[in-house]
Each structure stands twice: as C-alpha cells, then as structure tokens.
$ cat start.pdb   # PDB, C-alpha atoms
ATOM      1  CA  MET S   1     -15.654 -53.460  33.004
ATOM      2  CA  LEU S   2     -16.823 -57.006  32.354
ATOM      3  CA  THR S   3     -20.251 -56.518  30.797
ATOM      4  CA  PRO S   4     -22.324 -59.386  29.366
ATOM      5  CA  MET S   5     -21.756 -57.985  25.875
ATOM      6  CA  THR S   6     -17.965 -58.006  26.364
ATOM      7  CA  VAL S   7     -18.055 -61.587  27.610
ATOM      8  CA  TRP S   8     -20.295 -62.717  24.757
ATOM      9  CA  LEU S   9     -18.126 -61.024  22.136
ATOM     10  CA  SER S  10     -14.920 -62.428  23.649
ATOM     11  CA  VAL S  11     -16.263 -65.980  23.625
ATOM     12  CA  ALA S  12     -17.718 -65.676  20.125
ATOM     13  CA  VAL S  13     -14.511 -64.174  18.692
ATOM     14  CA  CYS S  14     -12.342 -66.804  20.420
ATOM     15  CA  MET S  15     -14.454 -69.647  19.019
ATOM     16  CA  ILE S  16     -14.427 -68.196  15.502
ATOM     17  CA  ALA S  17     -10.650 -67.666  15.728
ATOM     18  CA  LEU S  18     -10.179 -71.263  16.910
ATOM     19  CA  ALA S  19     -12.288 -72.638  14.063
ATOM     20  CA  VAL S  20     -10.516 -70.486  11.440
ATOM     21  CA  CYS S  21      -7.070 -71.484  12.751
ATOM     22  CA  ARG S  22      -7.972 -75.181  12.646
ATOM     23  CA  ILE S  23      -9.385 -74.865   9.120
ATOM     24  CA  PHE S  24      -6.231 -73.106   7.906
ATOM     25  CA  ARG S  25      -4.014 -75.685   9.602
ATOM     26  CA  THR S  26      -5.951 -78.544   8.008
ATOM     27  CA  ALA S  27      -5.805 -76.807   4.628
ATOM     28  CA  ALA S  28      -2.041 -76.284   5.017
ATOM     29  CA  LYS S  29      -1.581 -79.957   5.876
ATOM     30  CA  GLY S  30      -3.587 -80.923   2.804
ATOM     31  CA  ALA S  31      -1.586 -78.589   0.588
ATOM     32  CA  LYS S  32       1.676 -80.005   1.922
ATOM     33  CA  GLY S  33       0.524 -83.536   1.195
ATOM     34  CA  PHE S  34      -0.459 -82.550  -2.346
ATOM     35  CA  HIS S  35       3.186 -82.222  -3.453
ATOM     36  CA  LYS S  36       4.233 -85.812  -4.022
ATOM     37  CA  LYS S  37       7.800 -86.628  -3.094
ATOM     38  CA  PHE S  38       9.532 -88.854  -5.612
ATOM     39  CA  ILE S  39      12.158 -90.054  -3.157
ATOM     40  CA  GLU S  40      11.732 -90.151   0.622
ATOM     41  CA  ILE S  41      12.777 -92.210   3.612
ATOM     42  CA  ALA S  42       9.709 -94.005   4.938
ATOM     43  CA  SER S  43       9.125 -95.170   8.479
ATOM     44  CA  GLU S  44      10.403 -98.599   9.445
ATOM     45  CA  ARG S  45       6.869 -99.913   9.630
ATOM     46  CA  GLU S  46       6.073 -98.795   6.092
ATOM     47  CA  VAL S  47       9.339-100.230   4.760
ATOM     48  CA  ILE S  48       8.837-103.704   6.176
ATOM     49  CA  TRP S  49       5.061-103.827   5.645
ATOM     50  CA  VAL S  50       3.936-106.816   3.602
ATOM     51  CA  PRO S  51       0.419-107.645   2.415
ATOM     52  CA  GLY S  52      -1.436-109.394   5.211
ATOM     53  CA  ASP S  53       0.066-107.244   7.993
ATOM     54  CA  MET S  54      -2.124-104.959  10.032
ATOM     55  CA  PRO S  55      -2.814-101.809   7.987
ATOM     56  CA  VAL S  56      -0.961 -98.638   8.992
ATOM     57  CA  ARG S  57      -3.633 -96.417  10.428
ATOM     58  CA  ASP S  58      -3.851 -92.697  10.850
ATOM     59  CA  ASN S  59      -3.924 -92.350  14.625
ATOM     60  CA  ASP S  60      -5.604 -88.970  14.601
ATOM     61  CA  ASP S  61      -8.657 -90.024  16.558
ATOM     62  CA  TYR S  62      -9.963 -87.953  19.388
ATOM     63  CA  GLU S  63     -11.214 -89.104  22.732
ATOM     64  CA  ASP S  64     -14.780 -88.458  23.530
ATOM     65  CA  ALA S  65     -15.068 -87.165  27.020
ATOM     66  CA  ASP S  66     -18.757 -87.737  27.647
ATOM     67  CA  ASP S  67     -18.302 -91.292  26.504
ATOM     68  CA  LEU S  68     -16.526 -92.347  29.645
TER      69      LEU S  68
ATOM     70  CA  MET P   1      -1.293-108.747  32.597
ATOM     71  CA  MET P   2      -0.417-110.991  35.532
ATOM     72  CA  ILE P   3      -1.022-114.742  35.614
ATOM     73  CA  THR P   4      -1.038-116.814  38.809
ATOM     74  CA  LYS P   5      -1.299-120.606  38.633
ATOM     75  CA  MET P   6      -3.164-122.231  41.496
ATOM     76  CA  PRO P   7      -1.581-125.427  42.943
ATOM     77  CA  THR P   8      -3.809-128.471  42.535
ATOM     78  CA  THR P   9      -3.458-132.177  43.111
ATOM     79  CA  SER P  10      -4.755-133.205  39.662
ATOM     80  CA  GLU P  11      -2.585-133.879  36.645
ATOM     81  CA  ILE P  12      -2.746-131.687  33.552
ATOM     82  CA  THR P  13      -0.456-131.931  30.545
ATOM     83  CA  ASP P  14       1.576-128.982  29.322
ATOM     84  CA  ALA P  15      -0.474-128.844  26.117
ATOM     85  CA  GLU P  16      -3.741-128.737  28.043
ATOM     86  CA  PHE P  17      -2.387-126.063  30.344
ATOM     87  CA  SER P  18      -1.248-124.034  27.322
ATOM     88  CA  VAL P  19      -4.748-124.198  25.825
ATOM     89  CA  LEU P  20      -6.264-123.216  29.172
ATOM     90  CA  LYS P  21      -3.834-120.291  29.417
ATOM     91  CA  ASP P  22      -4.652-119.076  25.897
ATOM     92  CA  THR P  23      -8.353-119.314  26.636
ATOM     93  CA  GLY P  24      -7.934-117.392  29.893
ATOM     94  CA  ARG P  25      -5.848-114.691  28.235
ATOM     95  CA  PHE P  26      -8.398-114.267  25.480
ATOM     96  CA  LEU P  27     -11.292-114.056  27.929
ATOM     97  CA  ALA P  28      -9.419-111.487  30.040
ATOM     98  CA  ASP P  29      -8.624-109.370  26.961
ATOM     99  CA  TYR P  30     -12.228-109.710  25.798
ATOM    100  CA  ALA P  31     -13.602-108.670  29.194
ATOM    101  CA  ALA P  32     -11.234-105.684  29.407
ATOM    102  CA  LEU P  33     -12.181-104.490  25.925
ATOM    103  CA  LEU P  34     -15.865-104.874  26.701
ATOM    104  CA  LEU P  35     -15.570-102.973  29.987
ATOM    105  CA  LYS P  36     -13.568-100.075  28.583
ATOM    106  CA  SER P  37     -15.949 -99.791  25.635
ATOM    107  CA  GLY P  38     -18.732 -98.981  28.102
ATOM    108  CA  ALA P  39     -20.509-102.290  28.694
ATOM    109  CA  THR P  40     -22.351-102.951  31.918
ATOM    110  CA  CYS P  41     -21.103-105.597  34.335
ATOM    111  CA  VAL P  42     -24.081-107.873  33.726
ATOM    112  CA  ARG P  43     -23.412-107.955  29.983
ATOM    113  CA  LEU P  44     -19.720-108.600  30.585
ATOM    114  CA  GLU P  45     -20.374-111.560  32.894
ATOM    115  CA  LYS P  46     -22.965-113.097  30.594
ATOM    116  CA  SER P  47     -20.798-112.818  27.467
ATOM    117  CA  VAL P  48     -17.659-114.192  29.136
ATOM    118  CA  ASN P  49     -19.517-117.073  30.804
ATOM    119  CA  ARG P  50     -21.215-117.919  27.503
ATOM    120  CA  MET P  51     -17.860-118.376  25.774
ATOM    121  CA  ALA P  52     -16.258-120.124  28.755
ATOM    122  CA  TYR P  53     -19.094-122.650  28.822
ATOM    123  CA  ALA P  54     -18.664-123.283  25.077
ATOM    124  CA  TRP P  55     -14.951-123.988  25.632
ATOM    125  CA  HIS P  56     -15.648-126.336  28.597
ATOM    126  CA  THR P  57     -14.085-124.113  31.208
ATOM    127  CA  ASP P  58     -15.334-122.496  34.404
ATOM    128  CA  VAL P  59     -14.743-118.793  34.889
ATOM    129  CA  ALA P  60     -15.061-116.493  37.890
ATOM    130  CA  ILE P  61     -14.656-112.743  37.331
ATOM    131  CA  THR P  62     -14.098-109.889  39.742
ATOM    132  CA  ILE P  63     -14.771-106.556  38.043
ATOM    133  CA  THR P  64     -13.179-103.459  39.534
ATOM    134  CA  PRO P  65     -13.133-100.009  37.900
ATOM    135  CA  HIS P  66      -9.545-100.326  36.650
ATOM    136  CA  HIS P  67      -8.866-104.100  36.633
ATOM    137  CA  ILE P  68     -10.407-107.405  35.700
ATOM    138  CA  HIS P  69      -9.526-110.442  37.844
ATOM    139  CA  LEU P  70     -10.400-113.575  35.925
ATOM    140  CA  THR P  71      -9.920-117.085  37.292
ATOM    141  CA  ILE P  72     -10.294-119.844  34.740
ATOM    142  CA  ALA P  73     -10.494-123.530  35.594
ATOM    143  CA  ASP P  74     -10.616-126.648  33.489
ATOM    144  CA  ALA P  75     -14.152-128.038  33.844
ATOM    145  CA  GLU P  76     -12.885-131.633  34.126
ATOM    146  CA  CYS P  77      -9.678-131.668  36.184
ATOM    147  CA  GLY P  78     -10.205-128.375  38.025
ATOM    148  CA  ASP P  79      -6.749-126.893  37.423
ATOM    149  CA  SER P  80      -7.010-123.130  37.464
ATOM    150  CA  PHE P  81      -5.091-119.905  37.195
ATOM    151  CA  THR P  82      -5.877-116.255  37.658
ATOM    152  CA  ILE P  83      -5.268-113.385  35.267
ATOM    153  CA  ILE P  84      -5.285-109.735  36.294
ATOM    154  CA  LYS P  85      -5.828-107.361  33.404
ATOM    155  CA  GLY P  86      -5.570-103.578  33.659
ATOM    156  CA  ILE P  87      -8.055-101.324  31.871
ATOM    157  CA  ASP P  88      -7.144 -98.056  30.187
ATOM    158  CA  LYS P  89      -9.819 -95.460  29.523
ATOM    159  CA  THR P  90     -10.880 -95.030  25.916
ATOM    160  CA  ALA P  91     -13.926 -93.755  24.094
ATOM    161  CA  ILE P  92     -17.204 -95.585  24.608
ATOM    162  CA  SER P  93     -18.345 -97.443  21.527
ATOM    163  CA  TYR P  94     -21.679 -99.216  21.311
ATOM    164  CA  ASP P  95     -20.557-100.537  17.945
ATOM    165  CA  ILE P  96     -17.664-102.435  19.568
ATOM    166  CA  ILE P  97     -19.943-103.697  22.357
ATOM    167  CA  THR P  98     -22.455-105.020  19.816
ATOM    168  CA  ARG P  99     -19.761-106.744  17.770
ATOM    169  CA  LEU P 100     -18.179-108.304  20.853
ATOM    170  CA  SER P 101     -21.577-109.563  21.955
ATOM    171  CA  ARG P 102     -22.110-111.107  18.514
ATOM    172  CA  LEU P 103     -18.668-112.707  18.792
ATOM    173  CA  SER P 104     -19.642-114.397  22.052
ATOM    174  CA  TRP P 105     -22.756-115.807  20.362
ATOM    175  CA  ALA P 106     -20.648-116.979  17.417
ATOM    176  CA  VAL P 107     -18.432-118.879  19.866
ATOM    177  CA  ALA P 108     -21.434-120.379  21.656
ATOM    178  CA  ASP P 109     -23.517-121.246  18.577
ATOM    179  CA  ASN P 110     -20.920-121.991  15.887
ATOM    180  CA  GLY P 111     -18.127-123.406  18.034
ATOM    181  CA  LEU P 112     -15.528-120.775  17.066
ATOM    182  CA  SER P 113     -12.019-121.671  18.279
ATOM    183  CA  VAL P 114      -9.949-119.443  20.587
ATOM    184  CA  GLU P 115      -7.568-118.522  17.732
ATOM    185  CA  ASN P 116     -10.405-117.538  15.410
ATOM    186  CA  ALA P 117     -12.154-115.634  18.190
ATOM    187  CA  ARG P 118      -8.944-113.705  18.901
ATOM    188  CA  SER P 119      -8.560-112.798  15.209
ATOM    189  CA  ALA P 120     -12.148-111.559  15.188
ATOM    190  CA  MET P 121     -11.536-109.554  18.358
ATOM    191  CA  VAL P 122      -8.424-107.901  16.903
ATOM    192  CA  GLU P 123     -10.523-106.869  13.910
ATOM    193  CA  ILE P 124     -13.207-105.482  16.231
ATOM    194  CA  MET P 125     -10.567-103.528  18.195
ATOM    195  CA  HIS P 126      -9.705-101.647  15.014
ATOM    196  CA  THR P 127     -13.280-100.576  14.346
ATOM    197  CA  PRO P 128     -13.013 -96.982  13.044
ATOM    198  CA  VAL P 129     -14.600 -94.255  15.148
ATOM    199  CA  ALA P 130     -17.499 -92.218  13.780
ATOM    200  CA  ASP P 131     -16.648 -89.187  11.649
ATOM    201  CA  ARG P 132     -16.139 -86.234  14.009
ATOM    202  CA  HIS P 133     -17.913 -83.720  11.749
ATOM    203  CA  TRP P 134     -20.940 -85.944  11.473
ATOM    204  CA  VAL P 135     -20.978 -86.433  15.256
ATOM    205  CA  LEU P 136     -20.718 -82.657  15.755
ATOM    206  CA  PHE P 137     -23.694 -82.048  13.485
ATOM    207  CA  ALA P 138     -25.773 -84.870  14.974
ATOM    208  CA  VAL P 139     -25.128 -83.794  18.582
ATOM    209  CA  SER P 140     -26.088 -80.201  17.731
ATOM    210  CA  CYS P 141     -29.331 -81.344  16.068
ATOM    211  CA  ALA P 142     -30.132 -83.542  19.068
ATOM    212  CA  ASN P 143     -29.554 -80.700  21.519
ATOM    213  CA  ALA P 144     -31.692 -78.318  19.456
ATOM    214  CA  SER P 145     -34.420 -80.971  19.553
ATOM    215  CA  PHE P 146     -34.096 -81.117  23.338
ATOM    216  CA  CYS P 147     -34.663 -77.367  23.362
ATOM    217  CA  ARG P 148     -37.886 -77.872  21.393
ATOM    218  CA  LEU P 149     -39.003 -80.645  23.754
ATOM    219  CA  PHE P 150     -38.612 -78.264  26.694
ATOM    220  CA  GLY P 151     -40.806 -75.679  24.958
ATOM    221  CA  GLY P 152     -38.220 -73.563  23.141
ATOM    222  CA  ASP P 153     -39.217 -71.637  20.010
ATOM    223  CA  ILE P 154     -37.393 -71.735  16.662
ATOM    224  CA  VAL P 155     -35.040 -68.887  17.640
ATOM    225  CA  ALA P 156     -34.095 -70.714  20.834
ATOM    226  CA  MET P 157     -33.490 -73.890  18.829
ATOM    227  CA  ALA P 158     -31.171 -72.058  16.450
ATOM    228  CA  THR P 159     -29.304 -70.520  19.388
ATOM    229  CA  VAL P 160     -28.915 -73.902  21.083
ATOM    230  CA  PHE P 161     -27.750 -75.427  17.794
ATOM    231  CA  ALA P 162     -25.013 -72.759  17.458
ATOM    232  CA  ALA P 163     -24.045 -72.963  21.150
ATOM    233  CA  THR P 164     -23.756 -76.753  20.907
ATOM    234  CA  ILE P 165     -21.664 -76.603  17.748
ATOM    235  CA  ALA P 166     -19.246 -74.210  19.472
ATOM    236  CA  GLY P 167     -19.128 -76.148  22.748
ATOM    237  CA  TYR P 168     -18.850 -79.604  21.224
ATOM    238  CA  TYR P 169     -16.231 -78.437  18.733
ATOM    239  CA  LEU P 170     -14.201 -77.072  21.648
ATOM    240  CA  LYS P 171     -14.648 -80.405  23.412
ATOM    241  CA  GLN P 172     -13.285 -82.276  20.401
ATOM    242  CA  VAL P 173     -10.304 -79.945  20.106
ATOM    243  CA  LEU P 174      -9.433 -79.993  23.825
ATOM    244  CA  SER P 175      -9.944 -83.756  24.126
ATOM    245  CA  GLY P 176      -7.611 -84.209  21.156
ATOM    246  CA  CYS P 177      -4.999 -82.184  23.083
ATOM    247  CA  LYS P 178      -5.310 -84.695  25.985
ATOM    248  CA  ILE P 179      -6.540 -82.036  28.401
ATOM    249  CA  ASP P 180      -8.152 -83.292  31.603
ATOM    250  CA  VAL P 181     -11.784 -84.173  30.969
ATOM    251  CA  ARG P 182     -12.993 -82.141  33.989
ATOM    252  CA  ILE P 183     -11.358 -78.960  32.712
ATOM    253  CA  VAL P 184     -12.818 -79.678  29.265
ATOM    254  CA  PHE P 185     -16.306 -79.957  30.756
ATOM    255  CA  VAL P 186     -15.992 -76.670  32.659
ATOM    256  CA  LEU P 187     -14.771 -74.787  29.576
ATOM    257  CA  CYS P 188     -17.332 -76.288  27.198
ATOM    258  CA  ALA P 189     -20.209 -75.613  29.581
ATOM    259  CA  PHE P 190     -19.011 -72.029  29.987
ATOM    260  CA  VAL P 191     -18.780 -71.414  26.224
ATOM    261  CA  SER P 192     -22.149 -73.041  25.521
ATOM    262  CA  SER P 193     -23.907 -71.163  28.304
ATOM    263  CA  VAL P 194     -22.499 -67.793  27.211
ATOM    264  CA  LEU P 195     -23.530 -68.424  23.601
ATOM    265  CA  GLY P 196     -26.831 -69.921  24.788
ATOM    266  CA  ALA P 197     -27.611 -66.572  26.450
ATOM    267  CA  THR P 198     -27.660 -64.843  23.042
ATOM    268  CA  ASP P 199     -31.486 -64.629  22.989
ATOM    269  CA  TRP P 200     -31.502 -63.101  26.436
ATOM    270  CA  LEU P 201     -28.707 -60.617  25.573
ATOM    271  CA  PHE P 202     -30.189 -59.352  22.301
ATOM    272  CA  HIS P 203     -33.838 -59.721  23.356
ATOM    273  CA  ILE P 204     -34.762 -62.060  20.507
ATOM    274  CA  GLY P 205     -37.210 -64.937  20.675
ATOM    275  CA  SER P 206     -39.788 -65.638  23.347
ATOM    276  CA  THR P 207     -37.989 -68.416  25.295
ATOM    277  CA  PRO P 208     -34.445 -67.223  26.090
ATOM    278  CA  ASP P 209     -34.460 -69.082  29.427
ATOM    279  CA  VAL P 210     -35.109 -72.421  27.691
ATOM    280  CA  ALA P 211     -32.253 -71.751  25.260
ATOM    281  CA  LEU P 212     -29.863 -70.998  28.107
ATOM    282  CA  ALA P 213     -30.906 -74.017  30.174
ATOM    283  CA  THR P 214     -30.744 -76.535  27.322
ATOM    284  CA  SER P 215     -27.517 -75.261  25.746
ATOM    285  CA  VAL P 216     -25.387 -77.538  27.991
ATOM    286  CA  LEU P 217     -27.534 -80.681  27.947
ATOM    287  CA  TYR P 218     -25.190 -82.413  25.488
ATOM    288  CA  LEU P 219     -22.587 -82.540  28.278
ATOM    289  CA  VAL P 220     -24.739 -84.544  30.696
ATOM    290  CA  PRO P 221     -22.899 -87.881  31.163
ATOM    291  CA  GLY P 222     -25.886 -90.100  30.439
ATOM    292  CA  ILE P 223     -24.094 -93.355  29.697
ATOM    293  CA  PRO P 224     -22.096 -93.462  32.984
ATOM    294  CA  PHE P 225     -25.318 -92.689  34.891
ATOM    295  CA  LEU P 226     -27.247 -95.465  33.109
ATOM    296  CA  ASN P 227     -24.406 -97.977  33.473
ATOM    297  CA  SER P 228     -24.002 -97.181  37.151
ATOM    298  CA  PHE P 229     -27.681 -97.827  37.840
ATOM    299  CA  SER P 230     -27.536-101.041  35.839
ATOM    300  CA  ASP P 231     -24.563-102.139  37.973
ATOM    301  CA  MET P 232     -26.437-101.213  41.143
ATOM    302  CA  ILE P 233     -29.458-103.298  40.156
ATOM    303  CA  ASP P 234     -27.161-106.225  39.359
ATOM    304  CA  GLY P 235     -25.294-105.897  42.674
ATOM    305  CA  HIS P 236     -21.916-104.724  41.337
ATOM    306  CA  TYR P 237     -21.592-102.002  43.953
ATOM    307  CA  VAL P 238     -17.891-101.214  43.428
ATOM    308  CA  CYS P 239     -18.434-100.467  39.738
ATOM    309  CA  PHE P 240     -21.703 -98.714  40.590
ATOM    310  CA  PHE P 241     -19.984 -96.300  42.964
ATOM    311  CA  SER P 242     -17.061 -95.762  40.592
ATOM    312  CA  ARG P 243     -19.244 -94.944  37.600
ATOM    313  CA  LEU P 244     -21.644 -92.861  39.648
ATOM    314  CA  THR P 245     -18.757 -90.856  41.117
ATOM    315  CA  ASP P 246     -17.332 -90.252  37.638
ATOM    316  CA  ALA P 247     -20.730 -89.077  36.406
ATOM    317  CA  VAL P 248     -21.361 -86.852  39.441
ATOM    318  CA  ILE P 249     -17.933 -85.204  39.112
ATOM    319  CA  LEU P 250     -18.570 -84.458  35.420
ATOM    320  CA  THR P 251     -22.020 -83.110  36.239
ATOM    321  CA  GLY P 252     -20.427 -80.884  38.886
ATOM    322  CA  CYS P 253     -17.907 -79.569  36.340
ATOM    323  CA  LEU P 254     -20.770 -78.917  33.918
ATOM    324  CA  SER P 255     -22.594 -76.979  36.652
ATOM    325  CA  VAL P 256     -19.505 -74.892  37.450
ATOM    326  CA  GLY P 257     -19.153 -73.866  33.788
ATOM    327  CA  LEU P 258     -22.886 -73.151  33.466
ATOM    328  CA  CYS P 259     -22.978 -71.068  36.657
ATOM    329  CA  ALA P 260     -19.881 -69.105  35.600
ATOM    330  CA  GLY P 261     -21.485 -68.362  32.223
ATOM    331  CA  MET P 262     -24.798 -67.325  33.782
ATOM    332  CA  MET P 263     -23.050 -65.153  36.353
ATOM    333  CA  LEU P 264     -20.961 -63.291  33.777
ATOM    334  CA  MET P 265     -23.970 -62.844  31.509
ATOM    335  CA  HIS P 266     -26.041 -61.614  34.482
ATOM    336  CA  ALA P 267     -28.689 -64.138  33.529
ATOM    337  CA  GLY P 268     -31.059 -66.317  35.514
ATOM    338  CA  MET P 269     -30.453 -66.679  39.220
ATOM    339  CA  PHE P 270     -27.376 -64.422  39.338
TER     340      PHE P 270
END
$ encode --input "start.pdb" --output "structure tokens"
Amino acid sequence: MLTPMTVWLSVAVCMIALAVCRIFRTAAKGAKGFHKKFIEIASEREVIWVPGDMPVRDNDDYEDADDL
Amino acid sequence: MMITKMPTTSEITDAEFSVLKDTGRFLADYAALLLKSGATCVRLEKSVNRMAYAWHTDVAITITPHHIHLTIADAECGDSFTIIKGIDKTAISYDIITRLSRLSWAVADNGLSVENARSAMVEIMHTPVADRHWVLFAVSCANASFCRLFGGDIVAMATVFAATIAGYYLKQVLSGCKIDVRIVFVLCAFVSSVLGATDWLFHIGSTPDVALATSVLYLVPGIPFLNSFSDMIDGHYVCFFSRLTDAVILTGCLSVGLCAGMMLMHAGMF
C-alpha cells in the first residue's frame, strides 16, 4: 500500500543515501590523492605543458539546468 | 563554422581580406558565446555592432536559436562574407555576459585590436563557475525567503529550505550525469514536493500549504521567460518563440513532478 508516509520515507531515505554515497566517494577520492606517487606516467598535455600555455583545468563542472 | 565570400566588383588585397576574415570570425565567436551565456538578442546586436563600428566594418546578424549568421563587410570597399556559427548549450553566466559587454566597450573606447580582444575573450571563456555548495545554500535560502514572502511561518520556511536543498542537490547530481533536463526537472519537483509536504504530513506549523506550494519555486525557469519577453519586445520573434517554448516545457515538467508528489502525498487538490 502506497501511503503518504511510505512515499515520504522512501524519498527521504533515498536522498540521504545519495548524499552519504557522494560524500564517501568524494572522501575516497581525496584519500587516494593523498598518497603521492613518486614516479608516474603523466598525460601528454601535462608532459608537454610549458609556462604560458593554457592551464590544465579540472573539468568537473556541472551544468545548471534552470540556467538555460 | 562556415564562411561564404560574396562576389563583388571592388578590389581588396589578400591582407585586407585576411583582416576582415579575422574580424568576422572573432565577432561570430563573440556573438555565439554571448548568446549561449544567456544574453538577450538586443544586447548581442548592440555589443557586436559597437565593436564592428570601432573596427570600421559593417555587420548584419541573423540570430536563430542554434546558429548565428553574421555577414561582415568592409565599410569602404564593401567586400563581404558570411559566417555561420553553431551554438552549443551551456550554463547561463551573467558574469561572462558582463565581462563580454565590458570587452565591447574596451574595443569601442580604447581601440583594442582584434588579437587583443580575442585573447581577452579566451580568458573570459575560462571564467570559473560559482562554487556548487555555495549555490546550493544560496538557492535554498532564497526559496525559504520566497516561502516567507507568501506568508509561510518559520516551520514552513525550514521545511522549504530542506526540500530545496534535497531537490537542488539532486538537480546538481543528475545534471552532472548528463541526464535530460526535462527528466531532471520532473524528478527534482517530485522530491521537493514530497519533502515540502512534511508539515502537512506531520501536522506541524500553521502554513503547510504555503510550504508545499513554494517548495518547487527554485525550478521556475525565470531567465528564459525574461529573455523571451525581451526578445519579443525587440522583435526577435524566432528567438522569442524558441526561448518561450523551452521555458514552457520546463514549467510543464515542473508541474508534472509537483502534481505527482501532491497526488502520492494525498495533499492539496488530489
């Protein structure tokens, strides 16, 4: 039976689960980045980058939907 | 980008044609960036014509929702060519619009060259977006304030604040996953309306109806509505209809999500 309370709880639990998952994923990413690698193979862009080139940017931006 | 040179009877040297081509390309790129950043057609025409006049060229622009047709002509000999530039959809940024407008004034007032103007535009293109956590907080505060403006009490404001945080956070996550914007609007409106019905469900506060009604206001596509009316007043009917249709579709998606939430929560008219 789909009661208002069931719906409300489902939505609230889903949103909390989503937020917790994203926080853990971000924390895991941060923890992974904390261990510095002494030797690694960089991307081609990083290898041939010279001062004056366009900076390498983190392309993790989101698109804002109401800003169409 | 497509360039078409118009045949003329006048003589123009290769160097002059190259300069004209660079100027036309820059103006087309500038116009495309301005349009996709959310500028109105009247602003776009004024800014482009301002720079074209400073560089002694004549420009005619046709603005369509997904393309810019720009014809540039040398003011003296009349040689011209047309550039067609496609427009991809990106986030609206008033910061970029303001900086591009300033750039056009810098060209007109300080005589900036095409090369320098292009360097400045490339820098403007890489303007960082606002911090997403700050935006989330600010949007939630604004929506809670809307609730107060419509007569909601402090409990309703807190409910709307929480419902907006959840809905807008979902919007950020789903938009980041490149999910269709219409589906995003339906889902976010549903989540916000269900959480906005908290007062009604638990019988807290004195204005649960205001909380429910204002919980989805952050999704109203205000900028497309305003831009479409600006285009209508200025006579750009193609862009007016395009922007208005976009805004109406998003408002419809918002309504679907809100109605679904209200129906499942047995609230309001259902």
$ resolve_selection --input "start.pdb" --expression "the ChimeraX specification (/S :<6) & /P" --output "JSON, numbers by chain"
{"P": [91, 92, 175, 176, 181, 221, 265]}
$ resolve_selection --input "start.pdb" --expression "the PyMOL selection byres ((chain P and resi 183) around 10)" --output "list in words"
Lys171, Leu174, Ser175, Ile179, Asp180, Val181, Arg182, Val184, Phe185, Val186, Leu187, Cys188, Ala189, Leu250, Cys253, Leu254 and Gly257 of chain P
$ atom_distance --input "start.pdb" --atom1 "atom CA of P:Ile84" --atom2 "atom CA of P:His67"
6.7 Å
$ atom_distance --input "start.pdb" --atom1 "atom CA of P:Ala75" --atom2 "atom CA of P:Ala54"
10.9 Å
$ atom_distance --input "start.pdb" --atom1 "atom CA of P:Leu219" --atom2 "atom CA of P:Val42"
26.0 Å
$ resolve_selection --input "start.pdb" --expression "the PyMOL selection byres ((chain P and resi 96-109) around 12)" --output "JSON, numbers by chain"
{"P": [26, 27, 29, 30, 31, 32, 33, 34, 35, 36, 37, 38, 39, 40, 43, 44, 45, 46, 47, 48, 49, 50, 51, 52, 53, 54, 55, 56, 90, 91, 92, 93, 94, 95, 110, 111, 112, 113, 114, 115, 116, 117, 118, 119, 120, 121, 122, 123, 124, 125, 126, 127, 128, 129, 130]}
$ axis_aligned_box --input "start.pdb" --around "stretch 259-262 of chain P" --padding-each-side "4 Å" --output "lines of an AutoDock Vina configuration file"
center_x = -22.3
center_y = -69.2
center_z = 34.4
size_x = 12.9
size_y = 11.7
size_z = 12.4
$ residues_around --input "start.pdb" --residues "stretch 236-245 of chain P" --least-positions-apart "2" --cutoff "10 Å" --atoms "all atoms listed in the file" --output "list in words"
Leu68 of chain S; Thr40, Cys41, Val42, Thr62, Ile63, Thr64, Pro65, His66, Pro221, Ile223, Pro224, Phe225, Leu226, Asn227, Ser228, Phe229, Ser230, Asp231, Met232, Ile233, Asp234, Ala247, Val248, Ile249, Leu250 and Thr251 of chain P
